[in-house]
Amino acid sequence: MPGVDQILSAIVQQGADELRLVADENPVVLAAGVARRFTMAATPDPTLRQLLGELLNAERAHQLENAGHLQLEHHPKGLGRFGVAFTLGPGGRLSATFLRSAQGFPGGEAASARTAAAPSVAEPPATTHPALPPLGLTPRLLELGEKAAELRASDIHLADGQPTYFRVDGRLQRVAGAREGVNEHLQLDAVARAKILAGHALEFGVELESRQRLRVSVYRMETGLAAAVRLLPRTAPSLEELNLPVPLADLADVPHGLVLVCGASGAGKSTTLAALCRRALERRSVVLLTLEDPVEFALVPTAQSVARQRQVGRDVPDFVVGLREALRADPDVIMVGELRDTETIRLALTAAETGHLVLASLHSGSAAGCIERVIDAYPPEQRSSVRTQLAEALRAVVVQQLLPRARGGGRVVALEVLRATHAVANVVREGKTAQIATLLQAGKREGMLSLERCLADYVHAGVVSEATARASANDRDSLAMYLAK
């Protein structure tokens, strides 16, 4: 089949291992996840199908039409073995991903076409790679998940040949006698395994019959495979259920602007964003569109609102493309799972300026650090104009941590909340972020809260220990001042 095989031959000569073809887009070529330069015109749907030839024959096209995704193996002469994933996106948009694996596909079937197993849940599990869902979870993982839920664990950590751990209230607990690896817990298909063996992490979400939802990340390490499994409730919690130290409900009622939720990994940013989205759906009449990697909480539409959840890697290639498309989808609220790069930040600011409420997360430990991180994402010559843009669009910055309770029994959310008052906007515009700490201390009436005051309040109430508060503070001198009051 000369068409696509000629392209595969060219990318192999370049040392690349992945080819992505999407109707009406330029092909993308990658080597170990890094894009390689490849000059080729965009391929309209008819041209793409002609290029694929017998690889997507009438029978397979029919299977793809019915299932929405199709996986098979392809053996072009002299080029080794490729896993192929076809998917039909919104509007029937065809995409084909070719992944080369010199080591073959452990646990995979013989070279033959097959459709991916249809999920038994309303929302199909997905990964960072289009149309590569796992085949399923083993009874052992289901049993382990139930045990973790009983202990109120937030995560399960698995690794080939190593003990299994639960994370309970932020601390790791070894599971007695459990040394099974990833293969004993997850049934991954051939193409998914090949992607992991090529050095790419694989992420997906799946819902259990118990209505528990799991977010799974599988990756390769020196001695085999490892996986982190996050336990989540099926639906988004309410803001009231989060027991936050200050109310945030009004942030979901803002007609337009940018709300940033910050913190380290595992600090509960996604949970807070989901709760804000739920509030917007329940209290307003909106179209809410989310971009997530992966989808974690199901957002339930209401009689007056609709929710459109899109998963990066499954429904859309990346956050940048998702945001560009979102601006044409008539949303009122856009939730972005993570602002990862300059272009994503730029598009989020544009959306916030053009009449949308944008809720997004960012990795930062303080409100001032969050603002500086947004500004520093741009080249120096653009930062002045970006400060002005951010000063106009910003509505609030929420920074959070999850801390163990002093007497056990779970964790508590510590917050820093910066509201975009006129004074805050001036500080952002003029680049005087060092003054934000002072504005936080003086902004209680406007609903502001410094992290140190929040920590001191928790210590006074006996909620967290003084040692925990000191270890968590950004400014220990400020914390000591609040503790002395």
# chains A, B, ... in the order shown; residues from 1 in each chain; ligands from 1
$ select_by_dssp --residues "region 342-374 of chain A" --states "strand (DSSP E)" --output "NGL selection string"
:A and (357-362)
$ residues_around --residues "Ala42 (chain A)" --least-positions-apart "5" --cutoff "6 Å" --atoms "only C-alpha atoms" --output "list in words"
Asp24, Glu25 and Asn26 of chain A
$ write_last_selection --atoms "C-alpha atoms" --output "compact mmCIF listing (two decimals), in the first residue's frame"
# COMPACT_ATOMS: atom_id res chain seq x y z
CA ASP A 24 -7.95 19.05 7.31
CA GLU A 25 -4.77 19.38 9.41
CA ASN A 26 -1.08 19.08 8.67
$ select_by_dssp --residues "region 192-244 of chain A" --states "helix (DSSP H, G or I)" --output "PyMOL selection string"
chain A and resi 192-197+240-242
$ write_last_selection --atoms "N, CA and C atoms" --output "JSON list (two decimals), in the first residue's frame"
[["chain", "number", "residue", "atom", "x", "y", "z"],
["A", 192, "ALA", "N", -1.80, 0.60, 23.65],
["A", 192, "ALA", "CA", -1.51, 1.33, 24.88],
["A", 192, "ALA", "C", -0.19, 0.88, 25.48],
["A", 193, "ARG", "N", 0.04, -0.43, 25.49],
["A", 193, "ARG", "CA", 1.31, -0.95, 26.01],
["A", 193, "ARG", "C", 2.48, -0.43, 25.19],
["A", 194, "ALA", "N", 2.31, -0.40, 23.89],
["A", 194, "ALA", "CA", 3.39, 0.07, 23.03],
["A", 194, "ALA", "C", 3.72, 1.52, 23.33],
["A", 195, "LYS", "N", 2.71, 2.31, 23.58],
["A", 195, "LYS", "CA", 2.95, 3.73, 23.86],
["A", 195, "LYS", "C", 3.71, 3.89, 25.18],
["A", 196, "ILE", "N", 3.35, 3.10, 26.18],
["A", 196, "ILE", "CA", 4.05, 3.17, 27.46],
["A", 196, "ILE", "C", 5.50, 2.73, 27.28],
["A", 197, "LEU", "N", 5.71, 1.63, 26.55],
["A", 197, "LEU", "CA", 7.07, 1.14, 26.32],
["A", 197, "LEU", "C", 7.90, 2.14, 25.53],
["A", 240, "GLU", "N", -20.24, 23.76, 49.43],
["A", 240, "GLU", "CA", -20.52, 23.57, 50.86],
["A", 240, "GLU", "C", -19.84, 22.32, 51.39],
["A", 241, "GLU", "N", -19.78, 21.30, 50.57],
["A", 241, "GLU", "CA", -19.15, 20.05, 50.99],
["A", 241, "GLU", "C", -17.65, 20.17, 51.19],
["A", 242, "LEU", "N", -17.04, 21.17, 50.59],
["A", 242, "LEU", "CA", -15.59, 21.34, 50.72],
["A", 242, "LEU", "C", -15.17, 21.98, 52.03]]
$ closest_residue --among "A:Ser9, A:Asn57, A:Thr43, A:Ala280" --to "Phe82 (chain A)" --atoms "only C-alpha atoms"
A:Ser9
$ atom_distance --atom1 "CA of Gln389 (chain A)" --atom2 "CA of Asp475 (chain A)"
28.6 Å
$ residues_around --residues "Phe38 (chain A)" --least-positions-apart "5" --cutoff "9 Å" --atoms "only C-alpha atoms" --output "ChimeraX atom specification"
/A:11,27-29
$ residues_around --residues "Val424 (chain A)" --least-positions-apart "3" --cutoff "9 Å" --atoms "only C-alpha atoms" --output "tab-separated table (two decimals) with N, CA and C atoms, in the first residue's frame"
chain	number	residue	atom	x	y	z
A	391	ALA	N	-4.53	42.60	34.44
A	391	ALA	CA	-5.17	43.49	35.42
A	391	ALA	C	-6.65	43.70	35.09
A	418	LEU	N	-7.09	36.00	46.83
A	418	LEU	CA	-6.85	37.37	46.38
A	418	LEU	C	-8.00	37.79	45.48
A	419	ARG	N	-8.66	38.88	45.81
A	419	ARG	CA	-9.75	39.41	45.00
A	419	ARG	C	-9.24	40.58	44.17
A	420	ALA	N	-9.75	40.71	42.96
A	420	ALA	CA	-9.27	41.74	42.04
A	420	ALA	C	-9.95	43.08	42.31
A	421	THR	N	-9.56	43.70	43.39
A	421	THR	CA	-10.04	45.05	43.68
A	421	THR	C	-9.29	46.04	42.80
A	427	VAL	N	-1.70	47.17	41.21
A	427	VAL	CA	-0.46	46.47	41.55
A	427	VAL	C	-0.04	45.54	40.42
A	428	VAL	N	-1.00	44.82	39.86
A	428	VAL	CA	-0.71	43.91	38.74
A	428	VAL	C	-0.23	44.70	37.53
A	429	ARG	N	-0.94	45.78	37.24
A	429	ARG	CA	-0.62	46.59	36.06
A	429	ARG	C	0.78	47.21	36.16
A	433	THR	N	4.08	43.32	42.41
A	433	THR	CA	3.45	42.17	43.08
A	433	THR	C	3.95	41.97	44.50
A	435	GLN	N	3.66	43.96	46.73
A	435	GLN	CA	2.67	44.61	47.60
A	435	GLN	C	1.42	43.76	47.83
A	436	ILE	N	1.34	42.62	47.14
A	436	ILE	CA	0.14	41.79	47.25
A	436	ILE	C	-0.04	41.26	48.67
A	439	LEU	N	-1.86	43.82	50.62
A	439	LEU	CA	-3.27	43.90	50.19
A	439	LEU	C	-4.08	42.73	50.74
$ closest_atom_pairs --of "region 208-277 of chain A" --to "region 441-457 of chain A" --cutoff "12 Å" --atoms "only C-alpha atoms" --output "CSV"
residue,atom,partner,partner_atom,distance
A:Leu244,CA,A:Cys454,CA,10.4
A:Pro245,CA,A:Cys454,CA,7.5
A:Val246,CA,A:Gly447,CA,7.4
A:Pro247,CA,A:Gly447,CA,8.0
A:Leu248,CA,A:Gly447,CA,8.7
A:Ala249,CA,A:Gly447,CA,11.4
A:Asp250,CA,A:Gly447,CA,10.3
A:Leu251,CA,A:Gly447,CA,11.0
A:Gly263,CA,A:Leu451,CA,11.7
$ residues_around --residues "Val312 (chain A)" --least-positions-apart "3" --cutoff "8 Å" --atoms "only C-alpha atoms" --output "MDAnalysis selection string"
chainID A and resid 128 291:294 315:319 322
$ residues_around --residues "His256 (chain A)" --least-positions-apart "5" --cutoff "6 Å" --atoms "only C-alpha atoms" --output "list in words"
Ala352, Gly355, His356 and Leu357 of chain A
$ write_last_selection --atoms "C-alpha atoms" --output "compact mmCIF listing (two decimals), in the first residue's frame"
# COMPACT_ATOMS: atom_id res chain seq x y z
CA ALA A 352 -11.89 36.19 29.68
CA GLY A 355 -17.30 37.95 27.66
CA HIS A 356 -16.54 34.48 29.08
CA LEU A 357 -15.93 33.37 32.64
$ residues_around --residues "Cys277 (chain A)" --least-positions-apart "5" --cutoff "8 Å" --atoms "only C-alpha atoms" --output "PDB file with C-alpha atoms, in the first residue's frame"
ATOM      1  CA  ALA A 252     -19.159  31.168  39.876  1.00  0.00           C
ATOM      2  CA  LEU A 288     -20.282  25.327  30.367  1.00  0.00           C
ATOM      3  CA  LEU A 299     -20.820  17.671  35.697  1.00  0.00           C
ATOM      4  CA  MET A 335     -13.037  25.532  32.628  1.00  0.00           C
TER       5      MET A 335
END
$ closest_residue --among "A:Leu359, A:Ala227, A:Leu289, A:Leu403" --to "Arg328 (chain A)" --atoms "only C-alpha atoms"
A:Leu289
$ closest_residue --among "A:Glu430, A:Glu325, A:Asp332, A:Asp45" --to "Arg284 (chain A)" --atoms "only C-alpha atoms"
A:Asp332
$ closest_residue --among "A:Ala348, A:Arg140, A:Gly78, A:Gly369" --to "Gly257 (chain A)" --atoms "only C-alpha atoms"
A:Ala348
$ closest_residue --among "A:Gly337, A:Gly313, A:Gly170, A:Gly53" --to "Val358 (chain A)" --atoms "only C-alpha atoms"
A:Gly337
$ closest_atom_pairs --of "region 191-309 of chain A" --to "region 361-367 of chain A" --cutoff "6 Å" --atoms "only C-alpha atoms" --output "tab-separated table"
residue	atom	partner	partner_atom	distance
A:Leu260	CA	A:Ser361	CA	5.5
A:Val261	CA	A:Ser361	CA	4.7
A:Cys262	CA	A:Leu362	CA	4.9
A:Gly263	CA	A:Ser364	CA	5.1
A:Ala264	CA	A:His363	CA	5.7
$ write_last_selection --atoms "N, CA and C atoms" --output "PDB file, in the first residue's frame"
ATOM      1  N   LEU A 260      -8.347  32.032  38.809  1.00  0.00           N
ATOM      2  CA  LEU A 260      -7.263  31.054  38.836  1.00  0.00           C
ATOM      3  C   LEU A 260      -7.267  30.318  40.167  1.00  0.00           C
ATOM      4  N   VAL A 261      -7.217  28.993  40.099  1.00  0.00           N
ATOM      5  CA  VAL A 261      -7.120  28.149  41.296  1.00  0.00           C
ATOM      6  C   VAL A 261      -5.751  27.496  41.265  1.00  0.00           C
ATOM      7  N   CYS A 262      -4.948  27.755  42.300  1.00  0.00           N
ATOM      8  CA  CYS A 262      -3.541  27.350  42.293  1.00  0.00           C
ATOM      9  C   CYS A 262      -3.231  26.411  43.454  1.00  0.00           C
ATOM     10  N   GLY A 263      -2.066  25.804  43.348  1.00  0.00           N
ATOM     11  CA  GLY A 263      -1.602  24.898  44.393  1.00  0.00           C
ATOM     12  C   GLY A 263      -0.725  23.833  43.798  1.00  0.00           C
ATOM     13  N   ALA A 264      -0.137  23.029  44.655  1.00  0.00           N
ATOM     14  CA  ALA A 264       0.708  21.938  44.193  1.00  0.00           C
ATOM     15  C   ALA A 264      -0.156  20.788  43.683  1.00  0.00           C
TER      16      ALA A 264
END
$ closest_atom_pairs --of "region 139-222 of chain A" --to "region 229-232 of chain A" --cutoff "7 Å" --atoms "only C-alpha atoms" --output "tab-separated table"
residue	atom	partner	partner_atom	distance
A:Ser154	CA	A:Leu231	CA	5.5
A:Asp155	CA	A:Arg230	CA	4.4
A:Ile156	CA	A:Val229	CA	4.9
A:His157	CA	A:Val229	CA	6.4
A:Gln212	CA	A:Leu232	CA	6.2
A:Arg213	CA	A:Leu232	CA	5.0
A:Leu214	CA	A:Leu231	CA	5.0
A:Arg215	CA	A:Arg230	CA	5.0
A:Val216	CA	A:Val229	CA	4.5
A:Ser217	CA	A:Val229	CA	6.5
$ atom_distance --atom1 "CA of Arg324 (chain A)" --atom2 "CA of Leu347 (chain A)"
7.2 Å
$ decode --residues "region 150-174 of chain A" --atoms "N, CA and C atoms" --output "PDB file, in the first residue's frame"
ATOM      1  N   GLU A 150     -12.446   2.412  51.889  1.00  0.00           N
ATOM      2  CA  GLU A 150     -12.770   2.221  53.310  1.00  0.00           C
ATOM      3  C   GLU A 150     -11.813   2.992  54.206  1.00  0.00           C
ATOM      4  N   LEU A 151     -10.548   3.104  53.769  1.00  0.00           N
ATOM      5  CA  LEU A 151      -9.537   3.811  54.554  1.00  0.00           C
ATOM      6  C   LEU A 151      -9.505   5.302  54.245  1.00  0.00           C
ATOM      7  N   ARG A 152     -10.408   5.771  53.361  1.00  0.00           N
ATOM      8  CA  ARG A 152     -10.434   7.167  52.909  1.00  0.00           C
ATOM      9  C   ARG A 152      -9.126   7.549  52.213  1.00  0.00           C
ATOM     10  N   ALA A 153      -8.529   6.606  51.508  1.00  0.00           N
ATOM     11  CA  ALA A 153      -7.297   6.887  50.772  1.00  0.00           C
ATOM     12  C   ALA A 153      -7.613   7.739  49.557  1.00  0.00           C
ATOM     13  N   SER A 154      -6.666   8.599  49.210  1.00  0.00           N
ATOM     14  CA  SER A 154      -6.849   9.433  48.022  1.00  0.00           C
ATOM     15  C   SER A 154      -6.210   8.803  46.790  1.00  0.00           C
ATOM     16  N   ASP A 155      -5.183   7.947  47.001  1.00  0.00           N
ATOM     17  CA  ASP A 155      -4.440   7.380  45.876  1.00  0.00           C
ATOM     18  C   ASP A 155      -3.984   5.956  46.188  1.00  0.00           C
ATOM     19  N   ILE A 156      -3.774   5.198  45.110  1.00  0.00           N
ATOM     20  CA  ILE A 156      -3.149   3.881  45.180  1.00  0.00           C
ATOM     21  C   ILE A 156      -1.913   3.937  44.300  1.00  0.00           C
ATOM     22  N   HIS A 157      -0.769   3.438  44.809  1.00  0.00           N
ATOM     23  CA  HIS A 157       0.468   3.421  44.034  1.00  0.00           C
ATOM     24  C   HIS A 157       0.892   1.979  43.789  1.00  0.00           C
ATOM     25  N   LEU A 158       1.015   1.626  42.507  1.00  0.00           N
ATOM     26  CA  LEU A 158       1.377   0.272  42.083  1.00  0.00           C
ATOM     27  C   LEU A 158       2.695   0.306  41.330  1.00  0.00           C
ATOM     28  N   ALA A 159       3.470  -0.784  41.416  1.00  0.00           N
ATOM     29  CA  ALA A 159       4.710  -0.887  40.655  1.00  0.00           C
ATOM     30  C   ALA A 159       5.078  -2.355  40.514  1.00  0.00           C
ATOM     31  N   ASP A 160       5.608  -2.716  39.367  1.00  0.00           N
ATOM     32  CA  ASP A 160       6.011  -4.096  39.127  1.00  0.00           C
ATOM     33  C   ASP A 160       7.088  -4.510  40.127  1.00  0.00           C
ATOM     34  N   GLY A 161       6.821  -5.599  40.854  1.00  0.00           N
ATOM     35  CA  GLY A 161       7.809  -6.150  41.765  1.00  0.00           C
ATOM     36  C   GLY A 161       8.019  -5.377  43.035  1.00  0.00           C
ATOM     37  N   GLN A 162       7.185  -4.383  43.308  1.00  0.00           N
ATOM     38  CA  GLN A 162       7.360  -3.567  44.504  1.00  0.00           C
ATOM     39  C   GLN A 162       6.073  -3.544  45.322  1.00  0.00           C
ATOM     40  N   PRO A 163       6.167  -3.183  46.601  1.00  0.00           N
ATOM     41  CA  PRO A 163       4.959  -3.136  47.440  1.00  0.00           C
ATOM     42  C   PRO A 163       3.947  -2.121  46.910  1.00  0.00           C
ATOM     43  N   THR A 164       2.697  -2.334  47.262  1.00  0.00           N
ATOM     44  CA  THR A 164       1.614  -1.408  46.929  1.00  0.00           C
ATOM     45  C   THR A 164       1.391  -0.471  48.117  1.00  0.00           C
ATOM     46  N   TYR A 165       1.083   0.794  47.799  1.00  0.00           N
ATOM     47  CA  TYR A 165       0.879   1.788  48.848  1.00  0.00           C
ATOM     48  C   TYR A 165      -0.447   2.506  48.643  1.00  0.00           C
ATOM     49  N   PHE A 166      -1.087   2.862  49.759  1.00  0.00           N
ATOM     50  CA  PHE A 166      -2.203   3.797  49.768  1.00  0.00           C
ATOM     51  C   PHE A 166      -1.679   5.140  50.277  1.00  0.00           C
ATOM     52  N   ARG A 167      -2.256   6.238  49.791  1.00  0.00           N
ATOM     53  CA  ARG A 167      -1.991   7.544  50.393  1.00  0.00           C
ATOM     54  C   ARG A 167      -3.233   7.937  51.193  1.00  0.00           C
ATOM     55  N   VAL A 168      -3.072   7.996  52.497  1.00  0.00           N
ATOM     56  CA  VAL A 168      -4.172   8.302  53.405  1.00  0.00           C
ATOM     57  C   VAL A 168      -3.823   9.576  54.165  1.00  0.00           C
ATOM     58  N   ASP A 169      -4.677  10.585  54.033  1.00  0.00           N
ATOM     59  CA  ASP A 169      -4.441  11.883  54.688  1.00  0.00           C
ATOM     60  C   ASP A 169      -3.046  12.417  54.374  1.00  0.00           C
ATOM     61  N   GLY A 170      -2.610  12.215  53.145  1.00  0.00           N
ATOM     62  CA  GLY A 170      -1.337  12.749  52.687  1.00  0.00           C
ATOM     63  C   GLY A 170      -0.140  11.875  52.979  1.00  0.00           C
ATOM     64  N   ARG A 171      -0.302  10.803  53.733  1.00  0.00           N
ATOM     65  CA  ARG A 171       0.816   9.933  54.091  1.00  0.00           C
ATOM     66  C   ARG A 171       0.679   8.571  53.409  1.00  0.00           C
ATOM     67  N   LEU A 172       1.820   7.978  53.043  1.00  0.00           N
ATOM     68  CA  LEU A 172       1.821   6.672  52.394  1.00  0.00           C
ATOM     69  C   LEU A 172       1.696   5.561  53.431  1.00  0.00           C
ATOM     70  N   GLN A 173       0.848   4.585  53.133  1.00  0.00           N
ATOM     71  CA  GLN A 173       0.696   3.409  53.977  1.00  0.00           C
ATOM     72  C   GLN A 173       0.898   2.171  53.115  1.00  0.00           C
ATOM     73  N   ARG A 174       1.826   1.341  53.511  1.00  0.00           N
ATOM     74  CA  ARG A 174       2.097   0.122  52.744  1.00  0.00           C
ATOM     75  C   ARG A 174       0.971  -0.882  52.941  1.00  0.00           C
TER      76      ARG A 174
END
